[in-house]
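This is run.csv (CSV, C-alpha atoms).
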chain,number,residue,atom,x,y,z
W,1,MET,CA,-17.6,6.3,-35.5
W,2,ASN,CA,-15.0,3.7,-35.7
W,3,GLN,CA,-11.7,2.9,-34.0
W,4,SER,CA,-9.6,4.4,-36.7
W,5,LEU,CA,-11.4,7.7,-36.4
W,6,LEU,CA,-11.0,7.7,-32.7
W,7,GLU,CA,-7.3,7.1,-33.0
W,8,ARG,CA,-7.0,10.0,-35.5
W,9,ALA,CA,-8.9,12.2,-33.1
W,10,LYS,CA,-6.7,11.3,-30.2
W,11,LYS,CA,-3.5,11.9,-32.2
W,12,ALA,CA,-4.8,15.3,-33.4
W,13,GLY,CA,-6.0,16.3,-29.9
W,14,VAL,CA,-9.5,16.8,-31.1
W,15,ILE,CA,-12.3,17.3,-28.5
W,16,LEU,CA,-15.2,15.1,-29.4
W,17,VAL,CA,-18.8,16.1,-28.7
W,18,PHE,CA,-21.2,13.1,-29.0
W,19,HIS,CA,-24.9,12.9,-28.8
W,20,SER,CA,-26.6,11.2,-25.9
W,21,TYR,CA,-30.2,10.7,-27.0
W,22,MET,CA,-31.0,7.1,-26.8
W,23,TRP,CA,-33.9,8.1,-24.5
W,24,GLU,CA,-35.6,9.8,-27.4
W,25,HIS,CA,-34.2,8.1,-30.4
W,26,GLY,CA,-32.9,4.7,-29.5
W,27,GLU,CA,-35.7,2.8,-31.4
W,28,LYS,CA,-34.8,4.8,-34.6
W,29,LEU,CA,-31.0,4.1,-34.2
W,30,GLU,CA,-31.7,0.4,-33.6
W,31,ALA,CA,-32.1,0.1,-37.4
W,32,PHE,CA,-28.3,0.6,-37.7
W,33,GLY,CA,-27.8,-2.8,-36.0
W,34,GLU,CA,-25.8,-3.9,-33.0
W,35,LYS,CA,-22.4,-3.6,-34.6
W,36,ARG,CA,-22.9,0.1,-35.4
W,37,LEU,CA,-24.7,0.8,-32.1
W,38,ALA,CA,-21.6,-0.5,-30.4
W,39,MET,CA,-19.6,2.5,-31.7
W,40,MET,CA,-22.4,5.0,-31.9
W,41,HIS,CA,-21.8,7.9,-29.5
W,42,PRO,CA,-18.8,6.1,-28.1
W,43,TYR,CA,-18.2,7.8,-24.8
W,44,ARG,CA,-16.8,4.8,-23.0
W,45,THR,CA,-14.3,4.0,-25.8
W,46,ALA,CA,-13.2,7.6,-26.1
W,47,LEU,CA,-12.8,8.1,-22.4
W,48,ASP,CA,-10.8,4.8,-22.1
W,49,MET,CA,-8.5,6.1,-24.8
W,50,GLY,CA,-8.0,9.4,-23.0
W,51,ILE,CA,-9.8,11.5,-25.5
W,52,HIS,CA,-11.6,14.6,-24.2
W,53,VAL,CA,-15.3,14.5,-24.8
W,54,ALA,CA,-18.0,17.0,-24.0
W,55,GLY,CA,-21.8,16.6,-23.7
W,56,HIS,CA,-24.6,18.4,-25.4
W,57,SER,CA,-28.3,18.0,-26.1
W,58,ASP,CA,-28.5,18.8,-29.8
W,59,SER,CA,-31.7,20.6,-28.8
W,60,THR,CA,-34.3,20.6,-30.5
W,61,VAL,CA,-33.4,17.0,-31.6
W,62,SER,CA,-33.4,16.0,-28.0
W,63,ALA,CA,-34.4,17.8,-24.7
W,64,ALA,CA,-31.9,20.4,-23.4
W,65,ASP,CA,-32.0,18.6,-20.1
W,66,PRO,CA,-28.5,17.8,-18.7
W,67,LEU,CA,-29.8,15.3,-16.1
W,68,LEU,CA,-31.6,13.3,-18.9
W,69,ARG,CA,-28.4,13.5,-21.0
W,70,ILE,CA,-26.3,12.2,-18.0
W,71,GLN,CA,-28.8,9.4,-17.4
W,72,ASP,CA,-28.6,8.5,-21.1
W,73,MET,CA,-24.9,8.2,-21.0
W,74,VAL,CA,-25.0,6.1,-17.8
W,75,THR,CA,-27.8,3.7,-19.0
W,76,ARG,CA,-27.9,3.9,-22.8
W,77,ARG,CA,-31.6,3.0,-22.5
W,78,GLY,CA,-34.5,4.4,-24.6
W,79,SER,CA,-37.7,5.6,-23.1
W,80,ASN,CA,-39.0,2.1,-24.0
W,81,GLY,CA,-36.5,0.6,-21.6
W,82,LYS,CA,-34.4,-1.1,-24.3
W,83,LEU,CA,-30.6,-1.0,-24.1
W,84,TYR,CA,-28.7,0.4,-27.0
W,85,GLY,CA,-24.9,0.0,-27.2
W,86,ALA,CA,-24.3,-1.2,-23.7
W,87,ASN,CA,-20.6,-1.2,-24.2
W,88,GLN,CA,-20.5,2.6,-24.3
W,89,ARG,CA,-22.1,3.2,-20.9
W,90,VAL,CA,-20.1,5.4,-18.5
W,91,THR,CA,-20.3,6.0,-14.7
W,92,VAL,CA,-22.2,8.7,-13.1
W,93,ASP,CA,-19.0,10.5,-12.2
W,94,GLU,CA,-17.7,10.3,-15.8
W,95,ALA,CA,-21.0,11.6,-17.2
W,96,ILE,CA,-21.0,14.5,-14.8
W,97,LYS,CA,-17.4,15.4,-15.7
W,98,VAL,CA,-18.3,15.3,-19.4
W,99,TRP,CA,-21.1,17.8,-18.7
W,100,THR,CA,-19.1,20.1,-16.4
W,101,LEU,CA,-15.3,20.2,-16.6
W,102,ASP,CA,-15.0,18.7,-20.0
W,103,GLY,CA,-17.6,21.1,-21.4
W,104,ALA,CA,-15.5,24.0,-20.0
W,105,TYR,CA,-12.4,22.4,-21.5
W,106,ALA,CA,-14.1,22.2,-24.9
W,107,THR,CA,-14.6,25.9,-24.9
W,108,PHE,CA,-11.1,26.6,-23.5
W,109,GLU,CA,-12.7,27.8,-20.2
W,110,GLU,CA,-11.5,25.1,-17.8
W,111,LYS,CA,-9.4,27.6,-15.8
W,112,ILE,CA,-12.5,29.7,-15.0
W,113,LYS,CA,-15.4,27.2,-14.9
W,114,GLY,CA,-16.3,23.5,-14.8
W,115,THR,CA,-15.5,22.7,-11.2
W,116,ILE,CA,-16.4,24.3,-7.8
W,117,THR,CA,-13.0,25.6,-7.1
W,118,PRO,CA,-11.9,28.9,-5.4
W,119,GLY,CA,-11.3,31.5,-8.0
W,120,LYS,CA,-13.6,30.0,-10.6
W,121,LEU,CA,-17.0,31.3,-11.6
W,122,ALA,CA,-19.7,30.1,-9.2
W,123,ASP,CA,-22.3,28.8,-11.7
W,124,PHE,CA,-23.9,25.6,-10.3
W,125,VAL,CA,-27.2,24.1,-9.2
W,126,VAL,CA,-28.0,22.3,-5.9
W,127,LEU,CA,-29.8,19.1,-6.7
W,128,GLN,CA,-32.5,17.6,-4.5
W,129,THR,CA,-30.8,14.2,-4.6
W,130,ASP,CA,-27.3,12.9,-5.2
W,131,PRO,CA,-27.2,11.2,-8.6
W,132,HIS,CA,-25.2,8.4,-7.1
W,133,GLU,CA,-28.0,7.7,-4.7
W,134,VAL,CA,-30.9,7.0,-7.2
W,135,ALA,CA,-31.4,4.2,-9.6
W,136,PRO,CA,-29.6,5.1,-12.9
W,137,ASP,CA,-32.9,5.2,-14.7
W,138,LYS,CA,-34.2,7.9,-12.3
W,139,ILE,CA,-31.4,10.5,-12.7
W,140,LYS,CA,-33.6,12.5,-15.1
W,141,ASP,CA,-36.2,12.8,-12.3
W,142,ILE,CA,-33.9,14.5,-9.8
W,143,GLY,CA,-35.2,18.0,-9.1
W,144,TRP,CA,-33.1,21.0,-8.3
W,145,ARG,CA,-33.3,23.2,-5.2
W,146,ARG,CA,-31.4,26.3,-6.0
W,147,PRO,CA,-29.2,27.6,-8.8
W,148,THR,CA,-26.4,30.1,-8.4
W,149,SER,CA,-24.6,32.2,-11.0
W,150,ALA,CA,-21.7,34.5,-10.5
W,151,ALA,CA,-22.0,33.7,-6.8
W,152,ARG,CA,-25.5,35.0,-6.5
W,153,TRP,CA,-28.2,32.6,-5.3
W,154,TYR,CA,-31.5,32.6,-7.2
W,155,THR,CA,-34.8,31.6,-5.6
W,156,PRO,CA,-37.0,29.6,-7.9
W,157,PRO,CA,-40.4,31.2,-8.5
W,158,ARG,CA,-43.2,29.8,-6.3
W,159,GLN,CA,-45.6,27.5,-8.1
Can you dump the structure from the file as structure tokens?
Amino acid sequence: MNQSLLERAKKAGVILVFHSYMWEHGEKLEAFGEKRLAMMHPYRTALDMGIHVAGHSDSTVSAADPLLRIQDMVTRRGSNGKLYGANQRVTVDEAIKVWTLDGAYATFEEKIKGTITPGKLADFVVLQTDPHEVAPDKIKDIGWRRPTSAARWYTPPRQ
């Protein structure tokens, strides 16, 4: 990605969907060099430009684990602890929005999902810990207590 492509995307109203898999693949991407890493999966730059971006896992290339993907966006660190493209890190709130409301926006469903708002579908999960209250590199370890879908609570199976 480069600045020119981002400007074209903004002008065209394109919704960008970047990867966030430094955790699994940072060491491979390192071969591109710092200059390219600085614009690889450019969440920070796109958000600062007002471009809508949505998250995804690119499963099976990386784990279909939204909390790991959110951690990846916040830290930009590989599983080896190394930082890749630090200038593209985002806040916890921004990463959560990318994975919720902006994901709904990307599928033209922001009026019915993406936020916990009266009148919208009630699909959400109750986390064991607030992602703001843990170290950024521990977001992936947050467990969930209870999911709900269509306003119905589901009880996780006993282990």
- Task: Find the residue from W:Thr75, W:Lys82, W:Tyr43, W:Met22 that sits nearest to Ser57 of chain W; use all atoms listed in the file when measuring.
- Result: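 Going through W:Thr75, W:Lys82, W:Tyr43, W:Met22 one by one, the smallest distance to Ser57 of chain W is for W:Met22.
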- Task: Measure the distance from atom CA of Ala95 of chain W to atom CA of Met73 of chain W in Å and round it to one decimal.
- Result: 6.4 Å
- Item | Å distance separating atom CA of Ala9 of chain W from atom CA of Asp65 of chain W, one decimal place |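 So the answer is 27.3 Å.
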- Task: Just the residues within 12 Å of segment 103-116 of chain W, please, counting all atoms listed in the file, with nothing from its chain fewer than 3 positions along; format it as a PyMOL selection string.
- Result: chain W and resi 13-18+51-56+66+95-100+119-126+148-151
- Task: Quick one: pull the distance between atom CA of Ala31 of chain W and atom CA of Tyr84 of chain W, Å, one decimal.
- Result: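 If I compute the distance from atom CA of Ala31 of chain W to atom CA of Tyr84 of chain W, I get 10.9 Å.
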- Option closest in space to Ser62 of chain W, from W:Gly85, W:Gly26, W:Gly33, W:Pro136 [counting only C-alpha atoms]: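 Ranked by minimum distance to Ser62 of chain W, first place goes to W:Gly26.
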- Message: For a quick check of understanding, using all atoms listed in the file, which of W:Asp72, W:Met1, W:Thr117, W:Ser79 has the smallest distance to Arg36 of chain W?
- Response: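 Nearest to Arg36 of chain W: W:Met1.
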- Restricting the calculation to only C-alpha atoms, which member of W:Val61, W:Leu68, W:Val74, W:Arg89 is positioned closest to Met40 of chain W? W:Arg89
- Item | Counting only C-alpha atoms, the residue of W:Arg145, W:Ala135, W:Gly78, W:Ala38 that sits nearest Gln3 of chain W |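 Of the candidates, the smallest distance to Gln3 of chain W is held by W:Ala38.
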- Excluding Leu67 of chain W and residues on its chain fewer than 4 positions from it, collect all residues at most 8 Å away from it, counting only C-alpha atoms, and give them as a PyMOL selection string. chain W and resi 71+139-142
- Message: From the options W:Asp130, W:Asp48, W:Asp102, W:Glu30, which residue's atoms come nearest to Gly143 of chain W, counting all atoms listed in the file?
- Response: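 So, comparing all the options, the nearest one is W:Asp130.
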